[in-house]
Amino acid sequence: MKRLFITLLLAISAVSSASAAPNFVVIYGEGAGWSSSSVQMDDRNPASKSASLKTPSLERLAAAGMRFANGYAASPRCTPSRAALFTGRSPAALHMTFVGDGKREEAVLARVIAPHAVLELPESTTTIGELLQRAGYATAHFGKWHVGRESPAKHGFSENDGANNNGGPENVAAPNPKQALAITAKGIAFMTRQAKAGRPFYLQMSHYPNQEEKRGGGGGKNRPPEGNADEMVGITDQTLGQTLDAIERLGLMGSTYVLYTTDHGTPGRNAPLTGGKGTVSEGGLRVPFIVAGPGIAAGACSHVRVSGTDLLPTFAELAGVKEPLPKETEGGSFAAVLKGGGYGVVRRPREEFVVHFPHYDKDALGPASALYLGDWKLVRVYETGERRLFDLSKDLTERNDLAKSQPQKVAELDQRLTDYLKAVNAQMPNVNASVPVGQRPPEKKGGKGKEKQ
C-alpha cells in the first residue's frame with residue numbers, strides 16, 4: 001500500500017512538473033541580416049535597424065523581451081546554420097558546411113579544392129526536438145527543413161510537413177505568401193491542441209525564400225532579386241504577429257518563450273556591416289536575435305555574443321531537462337543572460353566562436369574561416385594563407401586590418417583556430433596542385449550548388 005502511495009505521488013509530481021514546463025516557439029527567418037527590420041538590434045548603434053522597412057511585430061517582440069546586439073548565425077549559408085541550430089553542434093563538426101556537393105569548385109582553376117559537404121543530417125546526432133521529446137514535450141517543425149531528404153520525424157519532430165527545401169511542398173519558385181501563411185496556420189493549430197491537452201510544446205516554423213524573377217529585380221536564373229529579401233521580412237513579420245496573437249489568445253504568454261532569428265545575412269545589403277550571404281564578413285554572419293518569455297526583462301538589449309548553436313543547451317536548461325546534454329554539444333546556455341537582464345556569461349566547451357566556411361561562394365576571398373574571441377575577429381583565407389585581424393568594438397565594418405600591427409594576437413588566435421578545427425575533425429580545403437604557383441583563380445566563383453540559400 002505504501003509503495004502504491006509513493007508511486008501515485010511520483011506520478012502526480014511528474015504531471016505537475018510537465019504542466020509547469022515552459023513552451024518554446026522558434027520563428028526562423030530566411031536570409032534577413034542584422035539591420036533588416038525596424039528594430040534597433042544594438043542600443044548603442046542607431047544604424048542597426050533599417051531606414052525603410054517597417055516590422056511592427058518584431059518591434060512588439062523586442063518590446064516584450066530581449067534583443068542581442070551580437071547575435072550570430074553559425075554559417076553564412078542556410079543548411080549549415082540550420083543543422084547547428086537543431087543540434088547545438090557546429091557545421092565544422094557535422095561536416096555540413098555548405099548547401100551543395102561542392103563539385104563545381106573542382107571545375108575552375110581554383111587555388112584550393114574545397115571538401116565535399118555532408119548533405120544529410122546524421123540520425124545519430126541528437127536534435128533539440130529529440131531532447132525535448134524525451135522530456136515529455138510535443139514537438140513540431142513546419143516550413144523549410146533543408147538539412148536532408150529524410151523526414152523531420154526521424155529527428156524528433158513528430159508533427160511536420162516534410163523535408164521541404166526552398167520551393168516548399170509544391171516545389172515552386174515563389175512559395176510565399178501561401179506557404180508562409182500555411183506553416184503559421186499549422187503552427188497555431190499545433191499550439192492550440194497542446195494547450196487544450198495541457199502538454200508543453202516545442203514548435204519551430206521556418207520560412208521559405210521567394211526566388212521568382214521580378215521585372216527590374218535582376219538576380220539571374222533562380223537567384224532572388226534584391227527586393228525579395230525585403231518582401232520576405234514583411235511576410236515573416238506578418239506571420240509573427242499572427243503567432244503572437246494566438247499565444248495571447250490561448251493564455252500562453254506567461255509560459256512561452258518566443259525566439260526570432262535568421263539563417264544568415266541578406267545578399268549584399270547589410271549596412272552598416274560589410275559583406276552578406278556567402279561571406280564570413282559581419283554582414284553574412286551577424287543576424288537579428290530576439291527572445292521574449294517568462295523572466296525576461298522587457299525591452300532589454302544584451303551585448304553578450306550568442307549564436308544558433310546555443311539554442312539547444314539554452315532551451316534544455318529553461319525546460320529543466322534532466323538528461324545530460326550530448327557530449328558533442330558545442331553551444332552554451334544563455335538562460336542566465338536572459339534572466340539576468342542581458343548580463344552574464346555563456347559557458348561553452350571552448351571560449352572562442354568559430355565559423356568554418358571552406359567553400360567558394362559569394363566572397364572574393366574564397367574559402368575562409370573566422371574566429372571570434374571577445375572583441376577580436378580573426379579571418380583565415382585559405383587561397384593565400386593570409387590572416388586578417390579586426391577589433392569589432394572599434395571597427396564593425398572590418399575596414400582596418402590590424403594583422404601587421406598585432407602579430408602576437410594573430411598568432412594566438414590562429415593557433416586557437418587550428419586547435420579547434422583539429423578538435424572537431426573539420427574538413428579542410430586542399431591545395432590544387434594543377435594551378436601554377438602565383439596564378440590567380442577566376443575572380444567570380446559564385447555558383448550553382450544543388451541546393452540554394
# chains A, B, ... in the order shown; residues from 1 in each chain; ligands from 1
>>> select_by_dssp(residues="stretch 27-167 of chain A", states="alpha helix (DSSP H)", output="ChimeraX atom specification")
/A:56-64,78-87,91-94,128-134
>>> residues_around(residues="stretch 249-263 of chain A", least_positions_apart="3", cutoff="6 Å", atoms="only C-alpha atoms", output="JSON, numbers by chain")
{"A": [22, 23, 24, 25, 26, 27, 28, 29, 30, 31, 73, 78, 81, 246, 288, 289, 290, 291, 292, 293, 294]}
>>> select_by_dssp(residues="stretch 17-153 of chain A", states="strand (DSSP E or B)", output="ChimeraX atom specification")
/A:23-29,66-68,71-72,112-113,138-143
>>> closest_residue(among="A:Ala403, A:Arg149, A:Pro349, A:Ala69", to="A:Pro46", atoms="only C-alpha atoms")
A:Ala69
>>> closest_residue(among="A:Thr126, A:Ala117, A:Arg286, A:Ser151", to="A:Pro272", atoms="only C-alpha atoms")
A:Arg286
>>> residues_around(residues="A:Thr274", least_positions_apart="5", cutoff="10 Å", atoms="only C-alpha atoms", output="list in words")
Gly268, Arg269, Thr279, Val280, Ser281, Glu282, Gly283, Gly284, Leu396, Thr397, Glu398 and Arg399 of chain A
>>> write_last_selection(atoms="N, CA and C atoms", output="CSV table (one decimal), in the first residue's frame")
chain,number,residue,atom,x,y,z
A,268,GLY,N,24.1,40.9,-49.9
A,268,GLY,CA,24.7,42.1,-50.3
A,268,GLY,C,24.2,43.4,-49.7
A,269,ARG,N,23.2,43.4,-48.8
A,269,ARG,CA,22.6,44.7,-48.3
A,269,ARG,C,22.5,44.6,-46.8
A,279,THR,N,29.5,35.0,-47.2
A,279,THR,CA,30.8,35.5,-46.7
A,279,THR,C,30.9,35.4,-45.2
A,280,VAL,N,32.2,35.4,-44.8
A,280,VAL,CA,32.4,35.3,-43.3
A,280,VAL,C,32.6,36.7,-42.7
A,281,SER,N,32.2,37.7,-43.5
A,281,SER,CA,32.2,39.1,-43.0
A,281,SER,C,30.9,39.3,-42.1
A,282,GLU,N,30.9,40.3,-41.3
A,282,GLU,CA,29.8,40.5,-40.4
A,282,GLU,C,28.5,40.5,-41.1
A,283,GLY,N,28.4,41.1,-42.3
A,283,GLY,CA,27.1,41.1,-43.0
A,283,GLY,C,26.6,39.7,-43.3
A,284,GLY,N,27.4,38.7,-43.4
A,284,GLY,CA,27.0,37.4,-43.7
A,284,GLY,C,26.6,36.6,-42.4
A,396,LEU,N,33.4,47.9,-36.7
A,396,LEU,CA,32.4,47.0,-37.0
A,396,LEU,C,32.3,46.7,-38.5
A,397,THR,N,32.8,47.6,-39.3
A,397,THR,CA,32.8,47.5,-40.8
A,397,THR,C,33.9,46.7,-41.3
A,398,GLU,N,34.9,46.3,-40.5
A,398,GLU,CA,36.0,45.5,-40.9
A,398,GLU,C,36.9,46.1,-42.0
A,399,ARG,N,37.2,47.4,-41.8
A,399,ARG,CA,38.0,48.1,-42.8
A,399,ARG,C,39.4,48.3,-42.3
>>> closest_residue(among="A:Pro177, A:Gly374, A:Gly167, A:Pro152", to="A:Gln211", atoms="only C-alpha atoms")
A:Gly167
>>> residues_around(residues="A:Ser307", least_positions_apart="4", cutoff="7 Å", atoms="only C-alpha atoms", output="PDB file with C-alpha atoms, in the first residue's frame")
ATOM      1  CA  GLY A  71      23.557  37.507 -32.392  1.00  0.00           C
ATOM      2  CA  TYR A  72      25.218  35.241 -34.945  1.00  0.00           C
ATOM      3  CA  ALA A  73      24.323  32.541 -37.414  1.00  0.00           C
ATOM      4  CA  ALA A  74      26.635  29.527 -37.352  1.00  0.00           C
TER       5      ALA A  74
END
>>> closest_residue(among="A:Glu323, A:Glu150, A:Asp42, A:Glu59", to="A:Glu130", atoms="only C-alpha atoms")
A:Glu323
>>> closest_residue(among="A:His264, A:Lys49, A:His146, A:His141", to="A:Lys186", atoms="only C-alpha atoms")
A:His141
>>> atom_distance(atom1="atom CA of A:Ala185", atom2="atom CA of A:Phe201")
16.0 Å
>>> residues_around(residues="A:Glu330", least_positions_apart="3", cutoff="10 Å", atoms="only C-alpha atoms", output="PyMOL selection string")
chain A and resi 84+87-90+93+309-310+312-313+326-327+347-350+353+424
>>> residues_around(residues="A:Gly156", least_positions_apart="5", cutoff="9 Å", atoms="only C-alpha atoms", output="list of chain:residue names")
A:Thr126, A:Thr127, A:Ile128, A:Gly129, A:Glu130, A:Leu131, A:Leu132, A:Gln133, A:Arg134, A:Thr139, A:Ala140
>>> write_last_selection(atoms="C-alpha atoms", output="compact mmCIF listing (two decimals), in the first residue's frame")
# COMPACT_ATOMS: atom_id res chain seq x y z
CA THR A 126 20.68 14.48 -31.16
CA THR A 127 18.43 17.42 -32.03
CA ILE A 128 16.55 19.85 -29.81
CA GLY A 129 13.38 18.07 -30.91
CA GLU A 130 14.60 14.69 -29.68
CA LEU A 131 15.92 16.08 -26.41
CA LEU A 132 12.65 17.83 -25.52
CA GLN A 133 10.54 14.97 -26.85
CA ARG A 134 12.21 12.62 -24.37
CA THR A 139 7.39 18.74 -30.91
CA ALA A 140 6.72 20.10 -34.38
>>> closest_residue(among="A:His303, A:Pro56, A:Asp361, A:Ala135", to="A:Ser393", atoms="only C-alpha atoms")
A:His303
>>> residues_around(residues="A:Tyr208", least_positions_apart="6", cutoff="9 Å", atoms="only C-alpha atoms", output="ChimeraX atom specification")
/A:29-30,143-144,165-168,174-176,179-180,232
>>> write_last_selection(atoms="N, CA and C atoms", output="short mmCIF file (atom, residue, chain, number, x, y, z; two decimals), in the first residue's frame")
data_model
loop_
_atom_site.label_atom_id
_atom_site.label_comp_id
_atom_site.auth_asym_id
_atom_site.auth_seq_id
_atom_site.Cartn_x
_atom_site.Cartn_y
_atom_site.Cartn_z
N GLY A 29 13.71 33.05 -39.63
CA GLY A 29 13.60 33.86 -40.83
C GLY A 29 14.58 33.43 -41.91
N GLU A 30 14.34 33.88 -43.12
CA GLU A 30 15.13 33.48 -44.28
C GLU A 30 15.96 34.66 -44.80
N GLY A 143 7.61 24.11 -42.32
CA GLY A 143 8.32 25.01 -43.20
C GLY A 143 9.59 24.41 -43.74
N LYS A 144 10.53 25.29 -44.09
CA LYS A 144 11.77 24.87 -44.72
C LYS A 144 12.61 24.02 -43.78
N ASN A 165 12.46 21.87 -49.04
CA ASN A 165 13.55 22.78 -49.33
C ASN A 165 12.99 24.14 -49.75
N ASN A 166 13.72 24.88 -50.56
CA ASN A 166 13.34 26.26 -50.85
C ASN A 166 11.97 26.43 -51.48
N GLY A 167 11.56 25.47 -52.29
CA GLY A 167 10.30 25.62 -53.00
C GLY A 167 9.08 25.22 -52.23
N GLY A 168 9.26 24.76 -50.99
CA GLY A 168 8.12 24.32 -50.20
C GLY A 168 7.56 23.00 -50.70
N ALA A 174 8.11 30.66 -56.05
CA ALA A 174 7.56 31.67 -55.15
C ALA A 174 6.53 31.04 -54.22
N PRO A 175 6.99 30.34 -53.18
CA PRO A 175 6.04 29.66 -52.28
C PRO A 175 5.24 30.60 -51.39
N ASN A 176 5.70 31.85 -51.26
CA ASN A 176 5.02 32.79 -50.37
C ASN A 176 4.15 33.77 -51.15
N GLN A 179 2.66 29.71 -48.55
CA GLN A 179 3.26 28.77 -47.61
C GLN A 179 3.61 29.43 -46.28
N ALA A 180 3.95 30.71 -46.30
CA ALA A 180 4.21 31.41 -45.04
C ALA A 180 2.96 31.40 -44.16
N MET A 232 10.35 39.24 -47.96
CA MET A 232 10.34 38.13 -47.03
C MET A 232 10.27 38.62 -45.59
#
